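**Q** To be precise about what I am sending: the file is called final36.cif and holds mmCIF, N, CA and C atoms.
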```
data_input
#
loop_
_atom_site.label_atom_id
_atom_site.label_comp_id
_atom_site.auth_asym_id
_atom_site.auth_seq_id
_atom_site.Cartn_x
_atom_site.Cartn_y
_atom_site.Cartn_z
N MET A 1 -5.33 -35.24 -7.22
CA MET A 1 -5.96 -33.94 -7.03
C MET A 1 -6.64 -33.55 -8.35
N ASP A 2 -7.89 -33.14 -8.26
CA ASP A 2 -8.59 -32.80 -9.48
C ASP A 2 -8.23 -31.39 -9.98
N GLN A 3 -8.61 -31.15 -11.21
CA GLN A 3 -8.23 -29.90 -11.90
C GLN A 3 -8.78 -28.66 -11.19
N ALA A 4 -10.01 -28.72 -10.72
CA ALA A 4 -10.63 -27.57 -10.06
C ALA A 4 -9.88 -27.20 -8.79
N LEU A 5 -9.46 -28.19 -8.03
CA LEU A 5 -8.71 -27.94 -6.81
C LEU A 5 -7.35 -27.33 -7.12
N GLN A 6 -6.71 -27.85 -8.14
CA GLN A 6 -5.41 -27.29 -8.54
C GLN A 6 -5.54 -25.83 -8.95
N GLU A 7 -6.61 -25.51 -9.66
CA GLU A 7 -6.85 -24.12 -10.08
C GLU A 7 -7.11 -23.22 -8.87
N GLN A 8 -7.85 -23.74 -7.90
CA GLN A 8 -8.10 -22.96 -6.69
C GLN A 8 -6.81 -22.72 -5.91
N ILE A 9 -5.95 -23.72 -5.87
CA ILE A 9 -4.67 -23.58 -5.18
C ILE A 9 -3.81 -22.53 -5.89
N GLN A 10 -3.81 -22.57 -7.21
CA GLN A 10 -3.06 -21.57 -7.98
C GLN A 10 -3.63 -20.17 -7.75
N GLU A 11 -4.94 -20.07 -7.69
CA GLU A 11 -5.58 -18.77 -7.42
C GLU A 11 -5.19 -18.27 -6.04
N LEU A 12 -5.16 -19.17 -5.07
CA LEU A 12 -4.77 -18.81 -3.70
C LEU A 12 -3.33 -18.31 -3.68
N GLN A 13 -2.45 -18.99 -4.38
CA GLN A 13 -1.05 -18.55 -4.44
C GLN A 13 -0.94 -17.19 -5.11
N PHE A 14 -1.70 -16.97 -6.17
CA PHE A 14 -1.70 -15.69 -6.86
C PHE A 14 -2.19 -14.57 -5.94
N LEU A 15 -3.26 -14.84 -5.20
CA LEU A 15 -3.79 -13.85 -4.26
C LEU A 15 -2.77 -13.53 -3.17
N GLU A 16 -2.08 -14.54 -2.69
CA GLU A 16 -1.05 -14.31 -1.66
C GLU A 16 0.08 -13.44 -2.21
N GLN A 17 0.46 -13.67 -3.46
CA GLN A 17 1.49 -12.85 -4.10
C GLN A 17 1.02 -11.40 -4.23
N GLN A 18 -0.23 -11.24 -4.66
CA GLN A 18 -0.79 -9.90 -4.80
C GLN A 18 -0.81 -9.18 -3.46
N LEU A 19 -1.19 -9.88 -2.41
CA LEU A 19 -1.22 -9.28 -1.07
C LEU A 19 0.18 -8.88 -0.62
N GLN A 20 1.16 -9.70 -0.94
CA GLN A 20 2.53 -9.38 -0.57
C GLN A 20 3.01 -8.13 -1.32
N GLN A 21 2.73 -8.06 -2.61
CA GLN A 21 3.12 -6.89 -3.40
C GLN A 21 2.40 -5.64 -2.90
N LEU A 22 1.14 -5.78 -2.60
CA LEU A 22 0.35 -4.66 -2.10
C LEU A 22 0.89 -4.18 -0.76
N SER A 23 1.30 -5.12 0.07
CA SER A 23 1.87 -4.77 1.36
C SER A 23 3.17 -3.97 1.19
N MET A 24 3.98 -4.36 0.23
CA MET A 24 5.23 -3.63 -0.02
C MET A 24 4.94 -2.23 -0.54
N GLN A 25 3.97 -2.11 -1.45
CA GLN A 25 3.58 -0.80 -1.96
C GLN A 25 3.07 0.08 -0.83
N LYS A 26 2.24 -0.50 0.02
CA LYS A 26 1.66 0.24 1.14
C LYS A 26 2.75 0.72 2.09
N GLN A 27 3.69 -0.15 2.38
CA GLN A 27 4.78 0.22 3.27
C GLN A 27 5.60 1.36 2.68
N SER A 28 5.88 1.29 1.40
CA SER A 28 6.63 2.35 0.72
C SER A 28 5.88 3.68 0.78
N LEU A 29 4.59 3.64 0.51
CA LEU A 29 3.77 4.85 0.58
C LEU A 29 3.71 5.41 2.00
N GLN A 30 3.64 4.53 2.98
CA GLN A 30 3.59 4.99 4.37
C GLN A 30 4.89 5.71 4.75
N VAL A 31 6.01 5.21 4.26
CA VAL A 31 7.30 5.85 4.52
C VAL A 31 7.33 7.24 3.88
N GLU A 32 6.92 7.31 2.62
CA GLU A 32 6.91 8.60 1.92
C GLU A 32 5.94 9.57 2.58
N HIS A 33 4.79 9.07 3.01
CA HIS A 33 3.79 9.89 3.68
C HIS A 33 4.37 10.45 4.98
N ALA A 34 5.06 9.61 5.73
CA ALA A 34 5.67 10.06 6.98
C ALA A 34 6.73 11.12 6.71
N GLU A 35 7.47 10.98 5.63
CA GLU A 35 8.48 11.98 5.27
C GLU A 35 7.83 13.33 4.96
N VAL A 36 6.71 13.30 4.26
CA VAL A 36 6.00 14.54 3.94
C VAL A 36 5.47 15.19 5.22
N LEU A 37 4.92 14.38 6.11
CA LEU A 37 4.42 14.93 7.38
C LEU A 37 5.56 15.53 8.20
N ASN A 38 6.69 14.87 8.23
CA ASN A 38 7.85 15.38 8.95
C ASN A 38 8.35 16.68 8.31
N ALA A 39 8.41 16.72 7.00
CA ALA A 39 8.84 17.94 6.30
C ALA A 39 7.88 19.09 6.59
N THR A 40 6.59 18.79 6.64
CA THR A 40 5.60 19.82 6.95
C THR A 40 5.82 20.39 8.35
N ARG A 41 6.08 19.50 9.30
CA ARG A 41 6.35 19.97 10.67
C ARG A 41 7.60 20.85 10.71
N GLU A 42 8.63 20.42 10.00
CA GLU A 42 9.89 21.18 10.00
C GLU A 42 9.72 22.55 9.34
N VAL A 43 9.03 22.59 8.21
CA VAL A 43 8.82 23.86 7.52
C VAL A 43 7.95 24.78 8.37
N THR A 44 6.94 24.23 9.00
CA THR A 44 6.06 25.02 9.86
C THR A 44 6.84 25.61 11.04
N ALA A 45 7.74 24.83 11.59
CA ALA A 45 8.48 25.26 12.78
C ALA A 45 9.60 26.24 12.47
N THR A 46 10.06 26.28 11.25
CA THR A 46 11.20 27.14 10.93
C THR A 46 10.78 28.60 10.78
N SER A 47 11.68 29.44 11.20
CA SER A 47 11.43 30.88 11.00
C SER A 47 12.40 31.43 9.96
N GLY A 48 13.29 30.56 9.49
CA GLY A 48 14.28 30.99 8.51
C GLY A 48 13.83 30.72 7.09
N GLU A 49 14.79 30.69 6.21
CA GLU A 49 14.52 30.46 4.80
C GLU A 49 14.18 29.00 4.56
N VAL A 50 13.41 28.77 3.50
CA VAL A 50 12.99 27.41 3.14
C VAL A 50 13.53 27.10 1.75
N TYR A 51 14.07 25.91 1.63
CA TYR A 51 14.62 25.44 0.36
C TYR A 51 13.96 24.13 -0.02
N LYS A 52 13.97 23.86 -1.32
CA LYS A 52 13.50 22.56 -1.79
C LYS A 52 14.44 22.10 -2.89
N ILE A 53 14.42 20.82 -3.15
CA ILE A 53 15.29 20.27 -4.19
C ILE A 53 14.46 20.05 -5.44
N VAL A 54 14.94 20.64 -6.54
CA VAL A 54 14.28 20.51 -7.83
C VAL A 54 15.32 19.97 -8.81
N ALA A 55 15.07 18.79 -9.33
CA ALA A 55 15.98 18.17 -10.31
C ALA A 55 17.42 18.16 -9.79
N GLY A 56 17.57 17.82 -8.52
CA GLY A 56 18.90 17.72 -7.93
C GLY A 56 19.54 19.04 -7.55
N ILE A 57 18.81 20.12 -7.67
CA ILE A 57 19.35 21.45 -7.33
C ILE A 57 18.51 22.03 -6.20
N MET A 58 19.19 22.55 -5.18
CA MET A 58 18.48 23.17 -4.06
C MET A 58 18.18 24.62 -4.41
N VAL A 59 16.88 24.95 -4.33
CA VAL A 59 16.46 26.32 -4.64
C VAL A 59 15.64 26.89 -3.48
N LYS A 60 15.77 28.18 -3.28
CA LYS A 60 15.01 28.86 -2.23
C LYS A 60 13.55 28.94 -2.69
N THR A 61 12.64 28.76 -1.73
CA THR A 61 11.23 28.83 -2.06
C THR A 61 10.48 29.56 -0.94
N ASP A 62 9.30 30.01 -1.27
CA ASP A 62 8.44 30.68 -0.31
C ASP A 62 7.88 29.65 0.67
N LYS A 63 7.89 29.98 1.95
CA LYS A 63 7.42 29.07 2.98
C LYS A 63 5.96 28.66 2.74
N ALA A 64 5.12 29.62 2.43
CA ALA A 64 3.70 29.33 2.18
C ALA A 64 3.53 28.40 0.99
N GLN A 65 4.32 28.64 -0.06
CA GLN A 65 4.25 27.78 -1.24
C GLN A 65 4.73 26.37 -0.91
N ALA A 66 5.80 26.27 -0.13
CA ALA A 66 6.31 24.95 0.27
C ALA A 66 5.27 24.20 1.10
N LEU A 67 4.62 24.90 2.01
CA LEU A 67 3.58 24.26 2.81
C LEU A 67 2.39 23.82 1.96
N LYS A 68 2.05 24.64 0.97
CA LYS A 68 0.95 24.28 0.07
C LYS A 68 1.30 23.02 -0.71
N GLU A 69 2.51 22.96 -1.25
CA GLU A 69 2.95 21.78 -2.00
C GLU A 69 2.98 20.54 -1.12
N LEU A 70 3.48 20.70 0.10
CA LEU A 70 3.53 19.57 1.03
C LEU A 70 2.12 19.10 1.40
N SER A 71 1.21 20.05 1.57
CA SER A 71 -0.18 19.70 1.88
C SER A 71 -0.81 18.90 0.74
N GLU A 72 -0.54 19.31 -0.49
CA GLU A 72 -1.06 18.59 -1.66
C GLU A 72 -0.47 17.18 -1.72
N LYS A 73 0.84 17.07 -1.44
CA LYS A 73 1.47 15.76 -1.44
C LYS A 73 0.87 14.87 -0.35
N GLU A 74 0.63 15.47 0.82
CA GLU A 74 0.07 14.71 1.93
C GLU A 74 -1.32 14.19 1.57
N LYS A 75 -2.14 15.02 0.96
CA LYS A 75 -3.48 14.61 0.53
C LYS A 75 -3.39 13.49 -0.50
N ASN A 76 -2.45 13.63 -1.42
CA ASN A 76 -2.25 12.62 -2.46
C ASN A 76 -1.86 11.28 -1.84
N PHE A 77 -0.90 11.30 -0.91
CA PHE A 77 -0.46 10.06 -0.26
C PHE A 77 -1.60 9.46 0.57
N SER A 78 -2.34 10.30 1.26
CA SER A 78 -3.47 9.80 2.06
C SER A 78 -4.50 9.11 1.17
N SER A 79 -4.78 9.73 0.04
CA SER A 79 -5.74 9.15 -0.90
C SER A 79 -5.23 7.81 -1.45
N LYS A 80 -3.98 7.77 -1.83
CA LYS A 80 -3.40 6.52 -2.34
C LYS A 80 -3.41 5.43 -1.28
N LEU A 81 -3.06 5.80 -0.06
CA LEU A 81 -3.06 4.82 1.03
C LEU A 81 -4.47 4.28 1.29
N LYS A 82 -5.45 5.16 1.26
CA LYS A 82 -6.83 4.73 1.47
C LYS A 82 -7.26 3.74 0.38
N THR A 83 -6.91 4.06 -0.86
CA THR A 83 -7.25 3.17 -1.98
C THR A 83 -6.55 1.83 -1.83
N LEU A 84 -5.28 1.85 -1.47
CA LEU A 84 -4.55 0.60 -1.26
C LEU A 84 -5.16 -0.23 -0.14
N GLU A 85 -5.55 0.43 0.94
CA GLU A 85 -6.15 -0.28 2.06
C GLU A 85 -7.48 -0.92 1.67
N GLN A 86 -8.26 -0.23 0.86
CA GLN A 86 -9.53 -0.80 0.39
C GLN A 86 -9.27 -2.01 -0.51
N HIS A 87 -8.28 -1.87 -1.38
CA HIS A 87 -7.92 -2.98 -2.26
C HIS A 87 -7.40 -4.16 -1.43
N GLU A 88 -6.62 -3.85 -0.42
CA GLU A 88 -6.08 -4.89 0.45
C GLU A 88 -7.21 -5.64 1.17
N GLU A 89 -8.18 -4.90 1.67
CA GLU A 89 -9.32 -5.53 2.35
C GLU A 89 -10.05 -6.49 1.42
N ALA A 90 -10.28 -6.05 0.19
CA ALA A 90 -10.97 -6.89 -0.79
C ALA A 90 -10.16 -8.15 -1.10
N LEU A 91 -8.85 -7.98 -1.25
CA LEU A 91 -7.99 -9.14 -1.53
C LEU A 91 -7.96 -10.11 -0.36
N VAL A 92 -7.92 -9.57 0.85
CA VAL A 92 -7.90 -10.43 2.04
C VAL A 92 -9.18 -11.26 2.11
N LYS A 93 -10.31 -10.64 1.86
CA LYS A 93 -11.58 -11.37 1.87
C LYS A 93 -11.59 -12.46 0.80
N GLN A 94 -11.12 -12.10 -0.39
CA GLN A 94 -11.09 -13.07 -1.48
C GLN A 94 -10.12 -14.21 -1.14
N GLU A 95 -9.00 -13.87 -0.55
CA GLU A 95 -8.01 -14.89 -0.18
C GLU A 95 -8.57 -15.82 0.89
N GLU A 96 -9.27 -15.27 1.87
CA GLU A 96 -9.87 -16.08 2.93
C GLU A 96 -10.92 -17.03 2.36
N GLN A 97 -11.75 -16.53 1.45
CA GLN A 97 -12.77 -17.38 0.84
C GLN A 97 -12.14 -18.50 0.03
N THR A 98 -11.13 -18.15 -0.75
CA THR A 98 -10.45 -19.16 -1.56
C THR A 98 -9.77 -20.19 -0.67
N ARG A 99 -9.13 -19.73 0.40
CA ARG A 99 -8.46 -20.65 1.33
C ARG A 99 -9.48 -21.62 1.95
N THR A 100 -10.64 -21.09 2.32
CA THR A 100 -11.69 -21.94 2.91
C THR A 100 -12.14 -22.99 1.91
N HIS A 101 -12.33 -22.58 0.65
CA HIS A 101 -12.74 -23.54 -0.38
C HIS A 101 -11.68 -24.61 -0.59
N VAL A 102 -10.42 -24.19 -0.63
CA VAL A 102 -9.33 -25.15 -0.85
C VAL A 102 -9.26 -26.12 0.33
N GLN A 103 -9.34 -25.61 1.54
CA GLN A 103 -9.26 -26.48 2.72
C GLN A 103 -10.41 -27.49 2.76
N SER A 104 -11.60 -27.03 2.43
CA SER A 104 -12.73 -27.96 2.45
C SER A 104 -12.60 -28.99 1.33
N ALA A 105 -12.10 -28.58 0.17
CA ALA A 105 -11.90 -29.53 -0.93
C ALA A 105 -10.83 -30.57 -0.58
N VAL A 106 -9.79 -30.13 0.09
CA VAL A 106 -8.72 -31.04 0.50
C VAL A 106 -9.28 -32.05 1.53
N GLU A 107 -10.09 -31.55 2.46
CA GLU A 107 -10.70 -32.43 3.46
C GLU A 107 -11.60 -33.47 2.81
N LYS A 108 -12.37 -33.04 1.82
CA LYS A 108 -13.24 -33.99 1.12
C LYS A 108 -12.42 -35.05 0.41
N GLN A 109 -11.31 -34.65 -0.20
CA GLN A 109 -10.47 -35.61 -0.89
C GLN A 109 -9.82 -36.59 0.08
N LYS A 110 -9.46 -36.11 1.26
CA LYS A 110 -8.87 -36.98 2.27
C LYS A 110 -9.87 -38.03 2.72
N LYS A 111 -11.14 -37.64 2.84
CA LYS A 111 -12.17 -38.56 3.27
C LYS A 111 -12.44 -39.64 2.22
N LYS A 112 -12.24 -39.27 0.95
CA LYS A 112 -12.47 -40.22 -0.14
C LYS A 112 -11.39 -41.31 -0.16
N THR A 113 -10.20 -40.97 0.29
CA THR A 113 -9.11 -41.95 0.21
C THR A 113 -8.94 -42.75 1.46
#
```
For the file at hand, write its structure as structure tokens.

**A**
Amino acid sequence: MDQALQEQIQELQFLEQQLQQLSMQKQSLQVEHAEVLNATREVTATSGEVYKIVAGIMVKTDKAQALKELSEKEKNFSSKLKTLEQHEEALVKQEEQTRTHVQSAVEKQKKKT
């Protein structure tokens, strides 16, 4: 196997690792995003007092303020998820191109032998 092919294979492995890490980050963000959306629904539906946890201590807070904070968090998570998805798309394209190059190089080498 020539040096260029080995480098392409290493690049492909690196891209696959990056995609796996990105997938884990995305999954974690999706879970947190879902928690914020659920909290927003619960706070909206409640007619009683609203509490939040600050540095491990539960404190009473204004419902409107809690909804505002949750809305900001939701926007932040949505933005992060969108960025991750765009990065993921770019990595997938790069990985597919690299895989195609590696496969064609391997086929050429097989024909030579």

**Q** Between A:Ala105, A:Ser78, A:Leu67, A:Asp62, which one has atoms that come closest to His33 (chain A), using only N, CA and C atoms?

**A**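 Among the listed residues, the smallest separation from His33 (chain A) belongs to A:Ser78.
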
**Q** Can you tell me which residues surround region 12-16 of chain A at a distance of at most 9 Å, considering only C-alpha atoms, apart from same-chain residues fewer than 4 positions away, and format the answer as a PyMOL selection string?

**A** chain A and resi 7-8+20-21+91-92+94-96+98-99+102

**Q** For a test of reading the model, state the distance in Å between atom N of Glu85 (chain A) and CA of Lys26 (chain A), rounded to one decimal.

**A**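 Interatomic distance, atom N of Glu85 (chain A) to CA of Lys26 (chain A): 7.2 Å.
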
**Q** Write down as a VMD selection string the residues belonging to chain A that are assigned helix (DSSP H, G or I) by DSSP computed on the backbone.

**A** chain A and resid 3 to 45 63 to 112

**Q** Run DSSP on the backbone and give me the residues of chain A it puts in strand (DSSP E or B), as a ChimeraX atom specification.

**A** /A:50-54,57-61

**Q** Keeping only N, CA and C atoms, write those residues as an mmCIF file, in the frame of the given file.

**A**
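The result, stored in selection.cif:
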```
data_model
loop_
_atom_site.group_PDB
_atom_site.id
_atom_site.type_symbol
_atom_site.label_atom_id
_atom_site.label_comp_id
_atom_site.auth_asym_id
_atom_site.auth_seq_id
_atom_site.Cartn_x
_atom_site.Cartn_y
_atom_site.Cartn_z
ATOM 1 N N VAL A 50 13.410 28.770 3.500
ATOM 2 C CA VAL A 50 12.990 27.410 3.140
ATOM 3 C C VAL A 50 13.530 27.100 1.750
ATOM 4 N N TYR A 51 14.070 25.910 1.630
ATOM 5 C CA TYR A 51 14.620 25.440 0.360
ATOM 6 C C TYR A 51 13.960 24.130 -0.020
ATOM 7 N N LYS A 52 13.970 23.860 -1.320
ATOM 8 C CA LYS A 52 13.500 22.560 -1.790
ATOM 9 C C LYS A 52 14.440 22.100 -2.890
ATOM 10 N N ILE A 53 14.420 20.820 -3.150
ATOM 11 C CA ILE A 53 15.290 20.270 -4.190
ATOM 12 C C ILE A 53 14.460 20.050 -5.440
ATOM 13 N N VAL A 54 14.940 20.640 -6.540
ATOM 14 C CA VAL A 54 14.280 20.510 -7.830
ATOM 15 C C VAL A 54 15.320 19.970 -8.810
ATOM 16 N N ILE A 57 18.810 20.120 -7.670
ATOM 17 C CA ILE A 57 19.350 21.450 -7.330
ATOM 18 C C ILE A 57 18.510 22.030 -6.200
ATOM 19 N N MET A 58 19.190 22.550 -5.180
ATOM 20 C CA MET A 58 18.480 23.170 -4.060
ATOM 21 C C MET A 58 18.180 24.620 -4.410
ATOM 22 N N VAL A 59 16.880 24.950 -4.330
ATOM 23 C CA VAL A 59 16.460 26.320 -4.640
ATOM 24 C C VAL A 59 15.640 26.890 -3.480
ATOM 25 N N LYS A 60 15.770 28.180 -3.280
ATOM 26 C CA LYS A 60 15.010 28.860 -2.230
ATOM 27 C C LYS A 60 13.550 28.940 -2.690
ATOM 28 N N THR A 61 12.640 28.760 -1.730
ATOM 29 C CA THR A 61 11.230 28.830 -2.060
ATOM 30 C C THR A 61 10.480 29.560 -0.940
#
```

**Q** In Å, how far is it from atom C of Lys108 (chain A) to atom C of Lys93 (chain A)?

**A**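 Interatomic distance, atom C of Lys108 (chain A) to atom C of Lys93 (chain A): 22.6 Å.
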
**Q** Near Lys73 (chain A), counting only N, CA and C atoms, which residues have an atom at most 8 Å away, once you skip same-chain residues fewer than 4 positions from it, shown as number ranges by chain?

**A** A: 32-33, 36-37, 67-69, 77-79

**Q** Check the smallest atom-to-atom distance from each of A:Ser104, A:Ser23, A:Ala39, A:Gln3 to Leu70 (chain A) using only N, CA and C atoms, then report the winner.

**A**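 That would be A:Ala39, the residue with the smallest distance to Leu70 (chain A).
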
**Q** What separation in Å, quoted to one decimal, exists between atom N of Ile57 (chain A) and atom N of Gln25 (chain A)?

**A**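 Going from atom N of Ile57 (chain A) over to atom N of Gln25 (chain A), I get 27.4 Å.
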